[in-house]
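Q: Take a look at the following structure, please.
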Amino acid sequence: MASKSPETREAEPDQPKAETENQDPEESIVPEKFPPEEEASLLEESNDKKSEANALFSSAKYDNAITKYEEAASVCPHYLDYELAVLKSNIAACHLKLEQWKEAIKAATDSIDGLGRLEKAEASQKRSEEEQQKKYTEQDEVEEEIVSSGAQKSAPAAKEETLAEAVRRKQQDDILRIRAKALMRRARAKSELGGWSNLASAEEDYKILSTMENLSVADRKIVQTQLRTLPPRTKAAQEKEMSEMWGKLKDLGNGILKPFGLSTENFQMVKDEKTGGYSMNFSQNGPSQ
């Protein structure tokens, strides 16, 4: 059975350089945008390549799909964070199919980061619009219209959604949808890759997903299952890595202490059961038998 397309939406961006803390805002470099006609042409070309990539994904040609998605991303204007985020999320889906966990993590993280930049920019724009509107409202003198009580009762109770508000709400829904996909893909890849750090990070992603209201029934079930099974895996990985680390430190310590006729066996770590902390005891003859 052929696989479904990972996502039939748009793409993700070359990340703009972050401003340094000491950089003058007036001197900050703003990503240059293409003229509207050129931007539309580039986006159309990017979408065409993405459609080709979707078809390759559906045919289980995942390596070829990755190449085509990357071509789509290279053509897409670098400041279109949403479109680029979708492409990166799709690339992550391809790497998952190929069991290339590290590559899937990177692509999904790039997608999530792009969406974060987009949300930050939109929030800033919204605040600016609200401040501007408030400024105009305060400057204008508005005469209060006297309305009869009957007219007040017949007036609509709720404010109708404006076109701009509807567009903004649709954009936010799209961002949340792609973020959920990217988080699911990154969490899966980290869980498969294993290791204390990756498993703990996968737990954090699944915790975020558990708070999202736009998950499908199937995805929510996966999240709930992972939140039950990951903690013991994470703990076991932590204990294993800590044991390995102590083993390496012990070997290093023995190398240093050997010229003095000592070894790490002369130093015993004693755990305080009340506090969970450790204290070190020295024994000239080594551990007691």
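Within each chain, counting starts at residue 1; across the structure tokens, chains are named A, B, ... in the order shown, with ligands numbered 1 upward in that order.
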Just list the residues in stretch 95-284 of chain A DSSP gives alpha helix (DSSP H) on the backbone, as a PDB file with C-alpha atoms, in the first residue's frame.
A:
```
ATOM      1  CA  HIS A  95      14.214  10.469   7.178  1.00  0.00           C
ATOM      2  CA  LEU A  96      11.914   8.629   9.597  1.00  0.00           C
ATOM      3  CA  LYS A  97      10.944   6.237   6.820  1.00  0.00           C
ATOM      4  CA  TRP A 101      17.072   9.346  13.202  1.00  0.00           C
ATOM      5  CA  LYS A 102      19.652  12.122  13.562  1.00  0.00           C
ATOM      6  CA  GLU A 103      18.715  13.659  10.228  1.00  0.00           C
ATOM      7  CA  ALA A 104      15.019  13.459  11.132  1.00  0.00           C
ATOM      8  CA  ILE A 105      15.683  15.251  14.420  1.00  0.00           C
ATOM      9  CA  LYS A 106      17.545  18.070  12.669  1.00  0.00           C
ATOM     10  CA  ALA A 107      14.903  18.578   9.981  1.00  0.00           C
ATOM     11  CA  ALA A 108      12.043  18.547  12.494  1.00  0.00           C
ATOM     12  CA  THR A 109      13.904  20.976  14.767  1.00  0.00           C
ATOM     13  CA  ASP A 110      14.485  23.332  11.825  1.00  0.00           C
ATOM     14  CA  SER A 111      10.749  23.221  11.137  1.00  0.00           C
ATOM     15  CA  ILE A 112       9.835  23.981  14.753  1.00  0.00           C
ATOM     16  CA  ASP A 113      12.380  26.817  14.931  1.00  0.00           C
ATOM     17  CA  GLY A 114      10.975  28.377  11.761  1.00  0.00           C
ATOM     18  CA  LEU A 115       7.450  28.298  13.145  1.00  0.00           C
ATOM     19  CA  GLY A 116       8.730  29.930  16.325  1.00  0.00           C
ATOM     20  CA  ARG A 117      10.215  32.809  14.331  1.00  0.00           C
ATOM     21  CA  LEU A 118       6.975  33.196  12.428  1.00  0.00           C
ATOM     22  CA  GLU A 119       4.863  33.333  15.592  1.00  0.00           C
ATOM     23  CA  LYS A 120       7.223  35.882  17.128  1.00  0.00           C
ATOM     24  CA  ALA A 121       6.994  38.106  14.048  1.00  0.00           C
ATOM     25  CA  GLU A 122       3.201  37.834  13.904  1.00  0.00           C
ATOM     26  CA  ALA A 123       2.848  38.632  17.604  1.00  0.00           C
ATOM     27  CA  SER A 124       5.036  41.709  17.144  1.00  0.00           C
ATOM     28  CA  GLN A 125       2.950  42.821  14.157  1.00  0.00           C
ATOM     29  CA  LYS A 126      -0.276  42.311  16.082  1.00  0.00           C
ATOM     30  CA  ARG A 127       0.975  44.413  19.006  1.00  0.00           C
ATOM     31  CA  SER A 128       2.039  47.150  16.619  1.00  0.00           C
ATOM     32  CA  GLU A 129      -1.392  47.181  14.954  1.00  0.00           C
ATOM     33  CA  GLU A 130      -3.174  47.296  18.311  1.00  0.00           C
ATOM     34  CA  GLU A 131      -0.988  50.161  19.548  1.00  0.00           C
ATOM     35  CA  GLN A 132      -1.584  52.075  16.325  1.00  0.00           C
ATOM     36  CA  GLN A 133      -5.328  51.538  16.566  1.00  0.00           C
ATOM     37  CA  LYS A 134      -5.321  52.644  20.203  1.00  0.00           C
ATOM     38  CA  LYS A 135      -3.406  55.778  19.259  1.00  0.00           C
ATOM     39  CA  TYR A 136      -5.957  56.722  16.603  1.00  0.00           C
ATOM     40  CA  THR A 137      -8.857  56.009  18.965  1.00  0.00           C
ATOM     41  CA  GLU A 138      -7.425  58.261  21.672  1.00  0.00           C
ATOM     42  CA  GLN A 139      -6.779  61.102  19.227  1.00  0.00           C
ATOM     43  CA  SER A 149     -33.082  50.620  25.286  1.00  0.00           C
ATOM     44  CA  GLY A 150     -35.056  48.711  22.656  1.00  0.00           C
ATOM     45  CA  ALA A 151     -32.368  49.273  20.046  1.00  0.00           C
ATOM     46  CA  GLN A 152     -29.686  48.143  22.505  1.00  0.00           C
ATOM     47  CA  LYS A 153     -31.500  44.872  23.138  1.00  0.00           C
ATOM     48  CA  SER A 154     -31.828  44.175  19.430  1.00  0.00           C
ATOM     49  CA  LEU A 163     -11.405  39.373   7.559  1.00  0.00           C
ATOM     50  CA  ALA A 164      -7.989  40.162   9.041  1.00  0.00           C
ATOM     51  CA  GLU A 165      -8.884  38.297  12.232  1.00  0.00           C
ATOM     52  CA  ALA A 166     -10.132  35.303  10.241  1.00  0.00           C
ATOM     53  CA  VAL A 167      -6.898  35.208   8.226  1.00  0.00           C
ATOM     54  CA  ARG A 168      -4.808  35.443  11.401  1.00  0.00           C
ATOM     55  CA  ARG A 169      -6.799  32.649  13.056  1.00  0.00           C
ATOM     56  CA  LYS A 170      -6.346  30.431   9.965  1.00  0.00           C
ATOM     57  CA  GLN A 171      -2.595  31.098   9.989  1.00  0.00           C
ATOM     58  CA  GLN A 172      -2.376  30.194  13.673  1.00  0.00           C
ATOM     59  CA  ASP A 173      -4.295  26.965  13.068  1.00  0.00           C
ATOM     60  CA  ASP A 174      -1.883  26.078  10.252  1.00  0.00           C
ATOM     61  CA  ILE A 175       1.138  26.800  12.450  1.00  0.00           C
ATOM     62  CA  LEU A 176      -0.231  24.596  15.234  1.00  0.00           C
ATOM     63  CA  ARG A 177      -0.942  21.801  12.759  1.00  0.00           C
ATOM     64  CA  ILE A 178       2.599  21.786  11.357  1.00  0.00           C
ATOM     65  CA  ARG A 179       4.129  22.153  14.824  1.00  0.00           C
ATOM     66  CA  ALA A 180       2.229  19.062  15.983  1.00  0.00           C
ATOM     67  CA  LYS A 181       3.518  17.073  12.991  1.00  0.00           C
ATOM     68  CA  ALA A 182       7.107  18.235  13.492  1.00  0.00           C
ATOM     69  CA  LEU A 183       7.001  17.511  17.238  1.00  0.00           C
ATOM     70  CA  MET A 184       5.583  14.029  16.628  1.00  0.00           C
ATOM     71  CA  ARG A 185       8.349  13.309  14.131  1.00  0.00           C
ATOM     72  CA  ARG A 186      11.135  14.673  16.310  1.00  0.00           C
ATOM     73  CA  ALA A 187       9.898  12.836  19.401  1.00  0.00           C
ATOM     74  CA  ARG A 188       9.686   9.576  17.457  1.00  0.00           C
ATOM     75  CA  ALA A 189      13.221   9.996  16.086  1.00  0.00           C
ATOM     76  CA  LYS A 190      14.676  10.800  19.520  1.00  0.00           C
ATOM     77  CA  SER A 191      12.879   7.842  21.063  1.00  0.00           C
ATOM     78  CA  GLU A 192      14.267   5.534  18.379  1.00  0.00           C
ATOM     79  CA  LEU A 193      17.804   6.952  18.597  1.00  0.00           C
ATOM     80  CA  TRP A 196      19.576   9.439  28.142  1.00  0.00           C
ATOM     81  CA  SER A 197      19.543  12.900  26.536  1.00  0.00           C
ATOM     82  CA  ASN A 198      17.412  11.890  23.542  1.00  0.00           C
ATOM     83  CA  LEU A 199      14.885   9.938  25.602  1.00  0.00           C
ATOM     84  CA  ALA A 200      14.516  12.783  28.106  1.00  0.00           C
ATOM     85  CA  SER A 201      14.062  15.240  25.236  1.00  0.00           C
ATOM     86  CA  ALA A 202      11.490  12.970  23.587  1.00  0.00           C
ATOM     87  CA  GLU A 203       9.560  12.975  26.870  1.00  0.00           C
ATOM     88  CA  GLU A 204       9.513  16.780  26.824  1.00  0.00           C
ATOM     89  CA  ASP A 205       8.186  16.828  23.246  1.00  0.00           C
ATOM     90  CA  TYR A 206       5.441  14.347  24.111  1.00  0.00           C
ATOM     91  CA  LYS A 207       4.502  16.429  27.167  1.00  0.00           C
ATOM     92  CA  ILE A 208       4.082  19.476  24.924  1.00  0.00           C
ATOM     93  CA  LEU A 209       2.020  17.411  22.489  1.00  0.00           C
ATOM     94  CA  SER A 210      -0.214  16.203  25.323  1.00  0.00           C
ATOM     95  CA  VAL A 217      -7.167  10.413  17.969  1.00  0.00           C
ATOM     96  CA  ALA A 218      -4.357   8.164  16.717  1.00  0.00           C
ATOM     97  CA  ASP A 219      -1.627  10.695  17.554  1.00  0.00           C
ATOM     98  CA  ARG A 220      -3.058  11.347  21.012  1.00  0.00           C
ATOM     99  CA  LYS A 221      -3.011   7.619  21.704  1.00  0.00           C
ATOM    100  CA  ILE A 222       0.653   7.457  20.665  1.00  0.00           C
ATOM    101  CA  VAL A 223       1.483  10.390  22.940  1.00  0.00           C
ATOM    102  CA  GLN A 224      -0.245   8.804  25.933  1.00  0.00           C
ATOM    103  CA  THR A 225       1.507   5.482  25.330  1.00  0.00           C
ATOM    104  CA  GLN A 226       4.925   7.118  25.024  1.00  0.00           C
ATOM    105  CA  LEU A 227       4.420   9.119  28.210  1.00  0.00           C
ATOM    106  CA  ARG A 228       3.854   5.802  30.019  1.00  0.00           C
ATOM    107  CA  THR A 229       6.739   3.859  28.472  1.00  0.00           C
ATOM    108  CA  LEU A 230       9.449   6.507  28.166  1.00  0.00           C
ATOM    109  CA  PRO A 231      10.122   7.334  31.858  1.00  0.00           C
ATOM    110  CA  PRO A 232      11.478   3.851  32.759  1.00  0.00           C
ATOM    111  CA  ARG A 233      13.535   3.788  29.541  1.00  0.00           C
ATOM    112  CA  THR A 234      14.926   7.226  30.342  1.00  0.00           C
ATOM    113  CA  LYS A 235      15.815   6.182  33.897  1.00  0.00           C
ATOM    114  CA  ALA A 236      17.523   2.994  32.707  1.00  0.00           C
ATOM    115  CA  ALA A 237      19.520   4.948  30.113  1.00  0.00           C
ATOM    116  CA  GLN A 238      20.530   7.487  32.762  1.00  0.00           C
ATOM    117  CA  GLU A 239      21.752   4.779  35.149  1.00  0.00           C
ATOM    118  CA  LYS A 240      23.655   3.035  32.359  1.00  0.00           C
ATOM    119  CA  GLU A 241      25.399   6.209  31.224  1.00  0.00           C
ATOM    120  CA  MET A 242      26.187   7.253  34.805  1.00  0.00           C
ATOM    121  CA  SER A 243      27.676   3.820  35.469  1.00  0.00           C
ATOM    122  CA  GLU A 244      29.816   4.070  32.342  1.00  0.00           C
ATOM    123  CA  MET A 245      30.926   7.572  33.315  1.00  0.00           C
ATOM    124  CA  TRP A 246      31.926   6.441  36.824  1.00  0.00           C
ATOM    125  CA  GLY A 247      33.820   3.518  35.287  1.00  0.00           C
ATOM    126  CA  LYS A 248      35.856   5.875  33.090  1.00  0.00           C
ATOM    127  CA  LEU A 249      36.517   8.222  36.004  1.00  0.00           C
ATOM    128  CA  LYS A 250      37.605   5.254  38.106  1.00  0.00           C
ATOM    129  CA  ASP A 251      40.094   4.149  35.458  1.00  0.00           C
ATOM    130  CA  LEU A 252      41.436   7.696  35.247  1.00  0.00           C
ATOM    131  CA  GLY A 253      41.697   7.958  39.022  1.00  0.00           C
ATOM    132  CA  ASN A 254      43.536   4.642  39.287  1.00  0.00           C
ATOM    133  CA  GLY A 255      46.073   5.861  36.758  1.00  0.00           C
ATOM    134  CA  ILE A 256      46.726   8.980  38.832  1.00  0.00           C
ATOM    135  CA  LEU A 257      46.783   7.239  42.241  1.00  0.00           C
TER     136      LEU A 257
END
```
Q: Could you go through stretch 50-280 of chain A and tell me which residues DSSP, when run on the backbone, assigns to strand (DSSP E or B), listing them as a list in words?
A: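 Filtering stretch 50-280 of chain A down to strand (DSSP E or B) leaves Phe267, Gln268, Met269, Val270, Lys271, Tyr278, Ser279 and Met280 of chain A.
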Q: Mind pulling up the distance from atom CA of A:Leu215 to atom CA of A:Ala55?
A: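 Result for atom CA of A:Ala55 versus atom CA of A:Leu215: 24.8 Å, one decimal.
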Q: To one decimal in Å, tell me the separation between atom CA of A:Thr162 and atom CA of A:Asn214.
A: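 Calculated distance between atom CA of A:Thr162 and atom CA of A:Asn214 is 23.5 Å.
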